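Raw model-v5.txt, compact mmCIF, C-alpha atoms and all ligand atoms:
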# COMPACT_ATOMS: atom_id res chain seq x y z
CA MET A 1 87.00 28.23 180.18
CA MET A 2 88.76 25.72 182.36
CA MET A 3 87.17 22.47 183.53
CA ASP A 4 86.90 21.88 187.26
CA GLU A 5 88.96 18.73 186.93
CA GLU A 6 91.81 20.63 185.28
CA SER A 7 91.69 23.36 187.89
CA GLU A 8 91.85 20.70 190.61
CA ILE A 9 94.98 19.21 189.06
CA LEU A 10 96.66 22.60 188.73
CA THR A 11 95.88 23.98 192.14
CA ARG A 12 96.16 21.10 194.65
CA VAL A 13 99.65 20.50 195.99
CA GLY A 14 99.27 18.08 198.90
CA SER A 15 101.21 14.82 198.99
CA GLY A 16 99.89 12.38 196.37
CA THR A 17 98.21 14.98 194.13
CA PRO A 18 99.51 15.28 190.54
CA MET A 19 100.79 18.84 190.97
CA GLY A 20 102.04 18.12 194.48
CA ASN A 21 104.04 15.21 193.11
CA LEU A 22 105.36 17.33 190.26
CA ILE A 23 106.57 20.16 192.49
CA ARG A 24 108.23 17.63 194.79
CA GLN A 25 110.62 16.83 191.91
CA TYR A 26 112.27 20.25 192.36
CA TRP A 27 114.28 22.07 195.01
CA ILE A 28 112.10 24.63 196.77
CA PRO A 29 113.36 27.98 198.12
CA ALA A 30 111.61 28.05 201.47
CA LEU A 31 113.29 30.33 204.00
CA LYS A 32 115.84 33.08 204.26
CA SER A 33 119.11 31.88 205.76
CA SER A 34 118.75 34.66 208.32
CA GLU A 35 115.61 33.02 209.74
CA LEU A 36 117.65 30.16 211.21
CA VAL A 37 120.08 30.84 214.05
CA THR A 38 122.67 28.33 215.31
CA ASP A 39 121.10 26.51 218.29
CA GLY A 40 118.24 29.04 218.02
CA ASP A 41 114.47 28.64 218.12
CA PRO A 42 113.02 26.19 215.59
CA VAL A 43 110.93 27.84 212.86
CA ARG A 44 107.46 26.51 212.22
CA PHE A 45 106.19 26.73 208.65
CA ARG A 46 104.03 25.05 206.04
CA LEU A 47 105.16 23.83 202.63
CA LEU A 48 103.09 21.91 200.06
CA CYS A 49 100.39 21.35 202.73
CA GLU A 50 102.89 19.76 205.15
CA ASN A 51 103.54 21.24 208.59
CA LEU A 52 107.29 21.38 209.08
CA ILE A 53 109.96 22.73 211.39
CA ALA A 54 113.42 23.99 210.49
CA PHE A 55 116.39 24.53 212.79
CA ARG A 56 120.10 25.24 212.54
CA ASP A 57 122.19 22.92 214.68
CA THR A 58 125.34 23.60 216.68
CA ARG A 59 127.54 23.13 213.60
CA GLY A 60 125.38 25.43 211.47
CA ARG A 61 123.73 22.62 209.53
CA ILE A 62 120.04 22.94 208.70
CA GLY A 63 117.43 20.38 209.67
CA VAL A 64 113.95 20.32 208.11
CA MET A 65 111.40 17.76 209.23
CA ASP A 66 107.78 16.95 209.83
CA HIS A 67 106.95 18.75 213.04
CA ARG A 68 105.63 15.55 214.66
CA CYS A 69 108.03 13.55 216.76
CA PRO A 70 108.05 9.96 215.48
CA HIS A 71 107.57 8.65 219.02
CA ARG A 72 104.10 9.83 220.03
CA CYS A 73 103.74 12.80 217.69
CA ALA A 74 104.23 15.74 220.05
CA SER A 75 105.39 18.74 218.04
CA LEU A 76 109.13 19.16 217.71
CA PHE A 77 108.50 22.89 217.40
CA PHE A 78 108.56 22.89 221.21
CA GLY A 79 111.80 20.91 221.23
CA ARG A 80 115.22 21.92 222.54
CA ASN A 81 117.68 22.78 219.77
CA GLU A 82 120.89 21.79 221.52
CA GLU A 83 124.20 20.01 221.03
CA GLY A 84 123.81 18.95 217.42
CA GLY A 85 120.13 18.14 217.18
CA ILE A 86 116.59 18.74 218.27
CA ARG A 87 115.36 17.02 221.41
CA CYS A 88 111.66 16.38 221.91
CA VAL A 89 110.64 17.64 225.34
CA TYR A 90 107.98 14.95 225.83
CA HIS A 91 110.26 11.93 226.44
CA GLY A 92 113.65 13.29 225.47
CA TRP A 93 114.22 11.60 222.11
CA LYS A 94 116.75 13.47 220.02
CA PHE A 95 117.17 13.81 216.24
CA ASP A 96 119.99 15.11 214.07
CA VAL A 97 119.46 17.19 210.91
CA ASP A 98 119.11 14.03 208.81
CA GLY A 99 116.32 12.74 211.04
CA ASN A 100 118.40 10.03 212.72
CA CYS A 101 117.38 9.33 216.30
CA THR A 102 120.58 9.86 218.28
CA ASP A 103 119.20 9.43 221.78
CA MET A 104 116.22 7.53 223.18
CA ALA A 105 116.52 8.93 226.65
CA ASN A 106 113.46 7.32 228.29
CA VAL A 107 114.32 3.74 227.23
CA PRO A 108 116.87 1.56 229.08
CA PRO A 109 119.99 0.77 226.99
CA HIS A 110 119.15 -2.91 226.47
CA GLN A 111 115.75 -1.97 224.98
CA ASP A 112 116.98 0.95 222.91
CA PHE A 113 115.96 0.81 219.23
CA LYS A 114 117.00 4.28 218.15
CA HIS A 115 118.80 3.01 215.05
CA LYS A 116 115.39 1.93 213.72
CA VAL A 117 113.66 5.29 214.22
CA HIS A 118 113.82 8.24 211.85
CA ALA A 119 112.09 11.56 211.92
CA LYS A 120 110.58 12.39 208.54
CA ALA A 121 113.37 14.70 207.40
CA TYR A 122 113.92 16.48 204.10
CA LYS A 123 117.24 17.37 202.55
CA ALA A 124 118.03 21.06 202.99
CA THR A 125 120.85 23.23 201.74
CA GLU A 126 121.55 26.94 201.45
CA ARG A 127 123.09 29.18 198.85
CA ASN A 128 123.54 32.96 198.90
CA GLY A 129 121.04 33.67 201.64
CA ILE A 130 118.29 31.22 200.70
CA VAL A 131 117.44 27.88 202.31
CA TRP A 132 116.34 25.25 199.77
CA ILE A 133 114.41 22.11 200.59
CA TYR A 134 113.93 18.96 198.52
CA MET A 135 110.73 17.09 199.36
CA GLY A 136 110.90 14.36 196.71
CA ASP A 137 112.71 11.00 196.82
CA GLN A 138 115.45 11.55 199.39
CA ALA A 139 117.62 8.89 197.75
CA ASN A 140 117.60 10.64 194.37
CA ILE A 141 118.31 14.31 194.84
CA PRO A 142 118.79 16.58 191.78
CA PRO A 143 121.13 19.59 191.48
CA LEU A 144 119.93 23.04 192.50
CA PRO A 145 118.63 25.19 189.63
CA ALA A 146 121.33 27.56 188.38
CA LEU A 147 119.03 30.58 188.24
CA GLU A 148 121.36 33.50 187.63
CA ALA A 149 119.91 35.68 190.40
CA THR A 150 120.41 32.94 192.99
CA LEU A 151 124.08 32.56 192.02
CA GLN A 152 124.95 36.14 192.95
CA PRO A 153 126.65 36.80 196.30
CA GLU A 154 124.11 37.67 198.96
CA SER A 155 125.68 41.13 199.42
CA SER A 156 124.87 42.13 195.85
CA ILE A 157 121.27 41.01 195.62
CA HIS A 158 117.94 41.84 197.15
CA ILE A 159 115.97 38.95 198.62
CA ALA A 160 112.42 39.43 199.85
CA MET A 161 109.59 37.11 200.77
CA THR A 162 105.90 37.91 201.02
CA GLN A 163 103.09 35.57 201.89
CA ARG A 164 100.13 35.80 199.55
CA ASP A 165 96.81 34.50 200.82
CA CYS A 166 95.61 32.63 197.74
CA ASN A 167 96.47 29.64 195.61
CA TRP A 168 99.96 29.68 194.12
CA LEU A 169 98.87 29.48 190.48
CA GLN A 170 96.70 32.57 190.36
CA ALA A 171 99.53 34.48 192.04
CA LEU A 172 101.98 33.20 189.43
CA GLU A 173 99.57 34.02 186.62
CA GLY A 174 99.60 37.65 187.71
CA ASP A 175 103.32 37.65 186.99
CA ILE A 176 103.04 36.49 183.38
CA ASP A 177 100.27 38.92 182.48
CA THR A 178 102.22 41.94 181.32
CA SER A 179 99.28 43.99 180.05
CA HIS A 180 98.12 44.68 183.61
CA PHE A 181 101.34 46.57 184.26
CA ASP A 182 100.29 49.76 182.47
CA PHE A 183 96.95 49.78 184.25
CA LEU A 184 97.27 48.46 187.82
CA HIS A 185 100.79 49.75 188.39
CA ARG A 186 101.17 52.57 185.87
CA GLY A 187 97.64 53.57 184.99
CA ALA A 188 98.21 57.19 185.96
CA ALA A 189 101.52 57.50 184.08
CA LYS A 190 101.77 59.61 180.93
CA ALA A 191 104.40 59.19 178.24
CA GLU A 192 105.89 62.58 179.12
CA ASP A 193 106.59 61.33 182.67
CA PHE A 194 109.43 59.22 181.25
CA SER A 195 112.72 60.49 179.91
CA PRO A 196 112.94 60.34 176.10
CA ASP A 197 115.43 57.46 176.23
CA ASN A 198 113.28 55.30 178.52
CA PRO A 199 111.38 52.71 176.44
CA GLU A 200 108.79 52.35 179.19
CA ARG A 201 107.14 55.45 177.74
CA PHE A 202 105.93 53.27 174.86
CA GLY A 203 103.90 51.33 177.41
CA ALA A 204 102.17 54.51 178.44
CA LEU A 205 101.46 55.39 174.80
CA ARG A 206 100.04 51.97 173.88
CA ARG A 207 98.49 49.91 176.65
CA ASP A 208 97.36 47.10 174.36
CA PRO A 209 100.37 44.94 173.51
CA GLU A 210 100.25 41.90 171.27
CA TYR A 211 101.96 38.70 172.33
CA LYS A 212 104.20 36.04 170.91
CA VAL A 213 104.06 32.99 173.18
CA ILE A 214 106.18 29.87 172.83
CA ASP A 215 107.05 26.71 174.73
CA THR A 216 110.63 26.44 175.94
CA ASP A 217 112.67 23.55 177.36
CA LEU A 218 111.92 24.84 180.85
CA GLY A 219 108.39 26.20 180.49
CA THR A 220 106.93 29.05 178.48
CA MET A 221 108.04 32.44 177.25
CA TYR A 222 106.40 35.54 175.87
CA GLY A 223 107.41 38.61 173.96
CA ALA A 224 104.84 41.34 174.38
CA HIS A 225 105.27 43.88 171.62
CA ARG A 226 103.93 47.25 170.59
CA PRO A 227 105.14 50.09 168.39
CA ALA A 228 108.11 52.13 169.58
CA ASP A 229 109.61 55.08 167.71
CA GLU A 230 109.81 55.09 163.91
CA GLY A 231 110.76 51.68 162.52
CA ASN A 232 111.14 50.01 165.94
CA THR A 233 109.22 47.76 168.30
CA TYR A 234 109.14 47.82 172.10
CA TRP A 235 109.52 44.26 173.42
CA ARG A 236 108.90 42.96 176.92
CA ILE A 237 110.32 39.46 177.33
CA ALA A 238 109.37 37.15 180.21
CA HIS A 239 109.37 33.52 181.27
CA PHE A 240 107.60 30.87 183.25
CA LEU A 241 110.04 28.17 184.39
CA PHE A 242 108.95 24.91 185.96
CA PRO A 243 107.63 24.44 188.49
CA PHE A 244 106.80 27.89 189.93
CA TRP A 245 109.42 30.40 188.73
CA THR A 246 108.88 33.57 186.75
CA MET A 247 111.17 36.17 185.26
CA ILE A 248 109.42 39.44 184.56
CA PRO A 249 110.29 42.23 182.11
CA ASN A 250 110.28 45.28 184.36
CA ARG A 251 113.86 46.48 183.78
CA PRO A 252 116.19 46.82 180.79
CA PHE A 253 117.05 43.35 179.48
CA ASP A 254 120.83 43.79 179.57
CA ASP A 255 120.94 44.80 183.24
CA TYR A 256 118.18 42.79 184.87
CA ILE A 257 118.93 39.66 186.85
CA VAL A 258 115.80 38.40 188.53
CA ALA A 259 114.05 35.24 189.70
CA ARG A 260 110.65 35.10 191.30
CA ALA A 261 109.14 32.02 192.90
CA TRP A 262 105.51 31.35 193.81
CA VAL A 263 105.96 28.62 196.37
CA PRO A 264 102.80 26.86 197.50
CA LEU A 265 102.51 26.72 201.29
CA ASP A 266 99.17 24.97 201.00
CA ASP A 267 96.30 25.15 198.52
CA GLU A 268 95.22 28.58 199.72
CA HIS A 269 98.51 30.31 200.56
CA CYS A 270 101.79 30.81 198.79
CA MET A 271 105.10 32.51 199.47
CA TYR A 272 106.36 34.95 196.89
CA LEU A 273 110.14 35.12 196.75
CA ILE A 274 112.00 37.69 194.73
CA VAL A 275 115.73 37.63 194.17
CA ARG A 276 117.06 40.46 192.02
CA ASN A 277 120.06 42.67 191.46
CA VAL A 278 118.15 45.92 192.10
CA LYS A 279 116.92 47.40 195.36
CA LYS A 280 113.99 49.78 195.41
CA LYS A 281 115.01 52.16 198.11
CA GLY A 282 112.25 53.34 200.38
CA VAL A 283 109.62 50.71 199.60
CA ASP A 284 111.83 47.72 200.38
CA GLU A 285 113.17 49.27 203.55
CA ASP A 286 109.95 50.65 205.03
CA PRO A 287 109.93 49.12 208.53
CA GLY A 288 106.14 49.21 208.72
CA ARG A 289 105.61 47.38 205.48
CA TYR A 290 105.52 43.93 207.08
CA LEU A 291 103.66 42.70 210.12
CA PRO A 292 105.98 41.18 212.71
CA ASN A 293 106.60 37.51 211.97
CA THR A 294 104.83 35.14 214.35
CA THR A 295 105.31 31.44 215.10
CA ASP A 296 102.06 30.52 213.34
CA TRP A 297 102.27 28.00 210.48
CA LEU A 298 101.44 30.92 208.20
CA GLY A 299 102.95 33.71 210.27
CA ARG A 300 105.96 34.74 208.18
CA TRP A 301 106.42 37.72 205.87
CA ARG A 302 102.89 39.15 205.80
CA LEU A 303 102.26 42.67 204.54
CA SER A 304 100.58 45.23 206.79
CA ALA A 305 98.41 46.36 203.84
CA ASN A 306 96.19 43.33 203.40
CA ALA A 307 92.62 42.18 202.87
CA SER A 308 91.64 43.04 206.45
CA ASN A 309 92.22 46.75 205.75
CA ASP A 310 91.40 46.76 202.01
CA TYR A 311 95.14 47.09 201.34
CA LYS A 312 94.93 50.62 202.79
CA ILE A 313 93.28 51.87 199.62
CA ASP A 314 93.13 55.65 199.33
CA ARG A 315 90.02 56.47 197.26
CA GLN A 316 90.94 60.11 196.95
CA ALA A 317 94.36 59.23 195.54
CA GLN A 318 92.60 56.80 193.20
CA ARG A 319 90.53 59.69 191.85
CA ILE A 320 93.32 62.17 191.33
CA SER A 321 96.81 60.67 191.21
CA SER A 322 97.05 56.89 191.55
CA TYR A 323 95.24 54.50 189.25
CA SER A 324 94.62 51.87 191.94
CA GLY A 325 94.73 54.02 195.09
CA ILE A 326 96.94 51.35 196.67
CA THR A 327 100.56 52.12 197.50
CA GLY A 328 103.25 49.64 196.46
CA THR A 329 103.51 47.40 193.40
CA ASN A 330 103.49 44.25 195.47
CA GLU A 331 100.50 45.43 197.49
CA GLN A 332 98.63 46.15 194.25
CA ASP A 333 99.40 42.64 193.00
CA GLN A 334 98.42 41.11 196.35
CA MET A 335 95.05 42.85 196.10
CA THR A 336 94.27 41.54 192.63
CA SER A 337 95.37 37.92 193.28
CA GLU A 338 93.75 37.62 196.70
CA SER A 339 90.53 39.37 195.65
CA MET A 340 89.88 36.52 193.19
CA GLY A 341 89.23 34.22 196.16
CA SER A 342 91.42 31.62 197.85
CA ILE A 343 91.29 29.39 194.79
CA LEU A 344 90.15 31.21 191.69
CA ASP A 345 87.05 29.73 190.03
CA ARG A 346 88.40 29.54 186.48
CA SER A 347 85.00 28.65 185.04
CA PHE A 348 84.04 32.29 185.71
CA GLU A 349 86.79 33.75 183.50
CA HIS A 350 86.63 35.20 180.00
CA LEU A 351 90.18 35.04 178.77
CA ALA A 352 91.39 37.46 176.09
CA PRO A 353 94.24 37.46 173.55
CA SER A 354 96.30 39.22 176.23
CA ASP A 355 96.04 36.04 178.32
CA ARG A 356 97.78 33.77 175.81
CA MET A 357 100.77 33.27 178.10
CA ILE A 358 98.50 32.23 180.96
CA ILE A 359 96.64 29.77 178.72
CA GLN A 360 99.86 28.25 177.40
CA THR A 361 101.40 27.96 180.86
CA ARG A 362 98.34 26.16 182.23
CA LYS A 363 98.48 23.76 179.28
CA ARG A 364 102.14 23.07 179.87
CA LEU A 365 101.67 22.45 183.59
CA LEU A 366 98.68 20.20 182.99
CA LEU A 367 100.49 18.19 180.34
CA SER A 368 103.49 17.61 182.59
CA ALA A 369 101.43 16.79 185.70
CA ARG A 370 99.37 14.29 183.74
CA ALA A 371 102.39 12.72 182.05
CA MET A 372 104.10 12.29 185.37
CA ALA A 373 100.99 10.78 186.94
CA LYS A 374 100.51 8.43 183.99
CA ASP A 375 103.96 7.00 183.43
CA GLY A 376 106.39 8.86 185.66
CA THR A 377 107.65 11.20 182.93
CA THR A 378 110.25 13.50 184.46
CA PRO A 379 108.97 17.10 184.36
CA PRO A 380 110.95 19.79 182.50
CA GLY A 381 114.21 20.92 184.07
CA SER A 382 113.82 18.88 187.23
CA ARG A 383 117.07 16.98 186.61
CA ASP A 384 118.88 19.69 184.68
CA GLY A 385 119.63 22.54 187.07
CA ASP A 386 122.26 24.06 184.76
CA ALA A 387 119.66 24.79 182.08
CA TYR A 388 118.15 27.50 184.30
CA PHE A 389 121.19 29.71 183.85
CA ASP A 390 120.60 30.62 180.23
CA VAL A 391 117.40 32.59 180.72
CA ARG A 392 116.84 36.34 181.02
CA SER A 393 113.91 38.71 181.01
CA GLY A 394 113.56 42.45 180.47
CA TYR A 395 112.63 45.03 177.88
CA TYR A 396 114.33 46.43 174.81
CA VAL A 397 113.63 48.18 171.55
CA ALA A 398 114.46 46.30 168.35
CA PRO A 399 113.99 46.97 164.63
CA LYS A 400 110.40 46.40 163.60
CA ASP A 401 111.15 43.50 161.26
CA ALA A 402 113.54 41.65 163.59
CA ASP A 403 112.52 38.11 164.50
CA PHE A 404 111.33 37.74 168.11
CA LEU A 405 113.37 34.67 169.04
CA GLU A 406 116.46 35.54 167.04
CA THR A 407 116.65 38.94 168.70
CA TYR A 408 116.23 37.43 172.17
CA ARG A 409 118.91 34.80 171.57
CA ALA A 410 121.33 37.29 170.08
CA ARG A 411 120.98 39.65 173.04
CA LEU A 412 121.36 36.79 175.51
CA SER A 413 124.42 35.51 173.71
CA VAL A 414 126.05 38.95 173.89
CA LEU A 415 125.47 38.98 177.65
CA ARG A 416 126.96 35.53 178.08
CA HIS A 417 129.96 36.31 175.87
CA PRO A 418 130.64 39.99 176.53
CA VAL A 419 133.63 40.11 174.21
CA ALA A 420 131.09 40.08 171.41
CA ARG A 421 129.35 43.21 172.68
CA PRO A 422 129.18 45.83 169.92
CA CYS A 423 130.60 48.47 172.28
CA ALA A 424 133.61 46.27 173.12
CA GLN A 425 134.33 45.83 169.42
CA ALA A 426 133.99 49.54 168.78
CA ALA A 427 136.56 50.28 171.48
CA GLN A 428 139.19 48.03 169.89
S1 LIG B 1 106.69 12.22 221.68
FE1 LIG B 1 108.66 12.91 221.32
S2 LIG B 1 109.91 11.78 222.67
FE2 LIG B 1 107.91 11.03 223.01
FE FE B 2 101.87 43.32 188.79
Output the file's structure as structure tokens, nothing else.
Ligand code: FES
Ligand SMILES: [Fe+2]
Amino acid sequence: MMMDEESEILTRVGSGTPMGNLIRQYWIPALKSSELVTDGDPVRFRLLCENLIAFRDTRGRIGVMDHRCPHRCASLFFGRNEEGGIRCVYHGWKFDVDGNCTDMANVPPHQDFKHKVHAKAYKATERNGIVWIYMGDQANIPPLPALEATLQPESSIHIAMTQRDCNWLQALEGDIDTSHFDFLHRGAAKAEDFSPDNPERFGALRRDPEYKVIDTDLGTMYGAHRPADEGNTYWRIAHFLFPFWTMIPNRPFDDYIVARAWVPLDDEHCMYLIVRNVKKKGVDEDPGRYLPNTTDWLGRWRLSANASNDYKIDRQAQRISSYSGITGTNEQDQMTSESMGSILDRSFEHLAPSDRMIIQTRKRLLLSARAMAKDGTTPPGSRDGDAYFDVRSGYYVAPKDADFLETYRARLSVLRHPVARPCAQAAQ
């Protein structure tokens, strides 16, 4: 059972809160590059409880700032994005992407004080189709995290965003809870539905994995294991990485490059970002899957199956062919996270051995948020973007007696140094 005070620390992300301060130590993936058009309409959005606008200026640079004009606080969302900056339409003040006031059009030249005025701007950059924002100390900006999926060229990866209408942490916790997979998503599957060489059939045979959970330099990690064929174990390996990243085990370990972020928009909404090297044809491309984006603070990337229509649940399908009756893995996950309430009341839970990863991740987050609040301790990975590269998730079958961590490290090392691959050696 979690104390209210601990839940408060974990879930609140506004400026000045312990978790809000912690997350502000990291770069945040906030928009798709495609959302910002040169000299196009500003985009209105919320991030960590702050109402912001983003725009792409005439030279293609990205500006992100508090939506309030520093003159008399009219919203810059209504501004004119023109000639290298955004101009407030109230009195004509203009700001470049760094927040510098470049024109104070309603003040005579001898009274001009534009060099003293700055919009509250945040550093933004983009890489491979994603716009990143840093909301911490603007004079001390860390490197971007080298998450493998985000280093791939945009043409070879799939990027999707989905707003989830609940607190970020309960959404993230759904991602590190592998035992739900063979119920919520695969409850109707039978072992014979899988080809004999697909290890996922072991998940259909045994839906009660045991877990190894450990702390890592960047967060937490689990290996969920259950018996495979004679003498072997089926492993599903996954990670939580500070501050809001997950890597899930839903594809073969050697081929899966994935990063998932659970970005808090405010305390009751988050944006789920997935970047991966696999496209799911059909589901990802269904034009009716998303509602049209609006200019609301929370109007981007919302699914058409949502709480207002019970996620389009089909009770007949639930009886005969689909465990949940809800179509789409993401939609199924949205239903479970959002149905817990905007901010899950953790005093109501009864956690089980299958929740060890969730328990450990909460502990780790709490420890880091408290340490930072107490004496400014730098949270894990926030200054070491390169460390994020050497992490992978996925599933594999290994000999029953093989050590969990040794096997993981050996497989990762083979991927990083392919010359050592057994098949490469055999070919020589
Ligand atoms: S409020 Fe923006 S220029 Fe006056
Ligand atoms: Fe799920």
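Near Cys270 of chain A, within 9 Å and counting all atoms listed in the file, sit Leu47, Thr162, Gln163, Arg164, Asp165, Cys166, Asn167, Trp168, Leu169, Ala171, Trp262, Val263, Pro264, Leu265 and Asp266 of chain A; same-chain residues fewer than 4 positions away were not included.
Between ligand LIG 1 (chain B) and the residues A:Ser34, A:Ser75, A:Ser15, A:Gln111, the shortest atom-to-atom distance, using only C-alpha atoms and all ligand atoms, involves A:Ser75.
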Expected selection as number ranges by chain for ligand FE 2 (chain B) within 7 Å, only C-alpha atoms and all ligand atoms: A: 174-175, 180-181, 184-185, 329-330, 332-333
Ligand LIG 1 (chain B), all listed atoms, 5 Å padding on each side: what axis-aligned box centre and edge lengths in Å to one decimal come out, as JSON?
{"center_x": 108.3, "center_y": 12.0, "center_z": 222.2, "size_x": 13.2, "size_y": 11.9, "size_z": 11.7}
Which residues of segment 252-274 of chain A have any atom within 7 Å of an atom in segment 379-395 of chain A when counting only C-alpha atoms, and what is the closest pair of atoms for each, with the distance in Å to one decimal? Order the rows by chain and rising number and write it as a Markdown table.
| residue | atom | partner | partner_atom | distance |
| --- | --- | --- | --- | --- |
| A:Pro252 | CA | A:Tyr395 | CA | 4.9 |
| A:Phe253 | CA | A:Gly394 | CA | 3.7 |
| A:Tyr256 | CA | A:Gly394 | CA | 6.4 |
Write the residues of the preceding selection, restricted to C-alpha atoms, as a tab-separated table (two decimals), keeping the file's coordinate frame.
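Final file, out.tsv:
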chain	number	residue	atom	x	y	z
A	252	PRO	CA	116.19	46.82	180.79
A	253	PHE	CA	117.05	43.35	179.48
A	256	TYR	CA	118.18	42.79	184.87
Using only C-alpha atoms and all ligand atoms, find each residue with an atom at most 9 Å away from ligand LIG 1 (chain B) and format the answer as a ChimeraX atom specification. /A:68-76,79,87-94,104-106
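You can rank A:Thr178, A:Thr17, A:Ser368, A:Asn100 by their closest distance to His239 of chain A using all atoms listed in the file, and at the top of that list sits A:Thr178.
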If we count all atoms listed in the file, what is near Ser347 of chain A at a cut-off of 12 Å, once residues fewer than 3 positions away on the same chain are taken out, given as an mmCIF file with C-alpha atoms, in the coordinates of the input?
data_model
loop_
_atom_site.group_PDB
_atom_site.id
_atom_site.type_symbol
_atom_site.label_atom_id
_atom_site.label_comp_id
_atom_site.auth_asym_id
_atom_site.auth_seq_id
_atom_site.Cartn_x
_atom_site.Cartn_y
_atom_site.Cartn_z
ATOM 1 C CA MET A 1 87.000 28.230 180.180
ATOM 2 C CA MET A 2 88.760 25.720 182.360
ATOM 3 C CA MET A 3 87.170 22.470 183.530
ATOM 4 C CA ASP A 4 86.900 21.880 187.260
ATOM 5 C CA GLU A 5 88.960 18.730 186.930
ATOM 6 C CA GLU A 6 91.810 20.630 185.280
ATOM 7 C CA SER A 7 91.690 23.360 187.890
ATOM 8 C CA GLU A 8 91.850 20.700 190.610
ATOM 9 C CA ILE A 343 91.290 29.390 194.790
ATOM 10 C CA LEU A 344 90.150 31.210 191.690
ATOM 11 C CA HIS A 350 86.630 35.200 180.000
ATOM 12 C CA LEU A 351 90.180 35.040 178.770
#
Residue neighbourhood Asp66 of chain A, 7 Å, only C-alpha atoms, exclusion window fewer than 5 positions, as a PDB file with C-alpha atoms, in the coordinates of the input:
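This went into out05.pdb:
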ATOM      1  CA  ASN A  51     103.540  21.240 208.590  1.00  0.00           C
ATOM      2  CA  LEU A  52     107.290  21.380 209.080  1.00  0.00           C
ATOM      3  CA  ILE A  53     109.960  22.730 211.390  1.00  0.00           C
ATOM      4  CA  LYS A 120     110.580  12.390 208.540  1.00  0.00           C
ATOM      5  CA  ALA A 121     113.370  14.700 207.400  1.00  0.00           C
TER       6      ALA A 121
END
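When all atoms listed in the file are used to compute distances to Gly325 of chain A, the closest of the residues A:His269, A:Gly219, A:Phe183, A:Glu83 turns out to be A:Phe183.
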Please identify all polymer residues within 12 Å of Ile359 of chain A, counting only C-alpha atoms, omitting same-chain residues fewer than 2 positions from it, and present them as a PyMOL selection string. chain A and resi 1-2+169-170+173+176-177+213-215+220-222+240+346+349-357+361-366
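Distances here use all atoms listed in the file; by that measure, the residue among A:Asp57, A:Gln25, A:Lys374, A:Arg46 closest to Asn140 of chain A is A:Gln25.
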Just to confirm, what's the straight-line distance from atom CA of Met65 of chain A to atom CA of Gly85 of chain A in Å (one decimal)? 11.8 Å
Please write as number ranges by chain the list of polymer residues whose atoms come within 9 Å of (105.3, 46.2, 207.7), counting only C-alpha atoms and keeping to the coordinates of the file. A: 286-292, 301-305
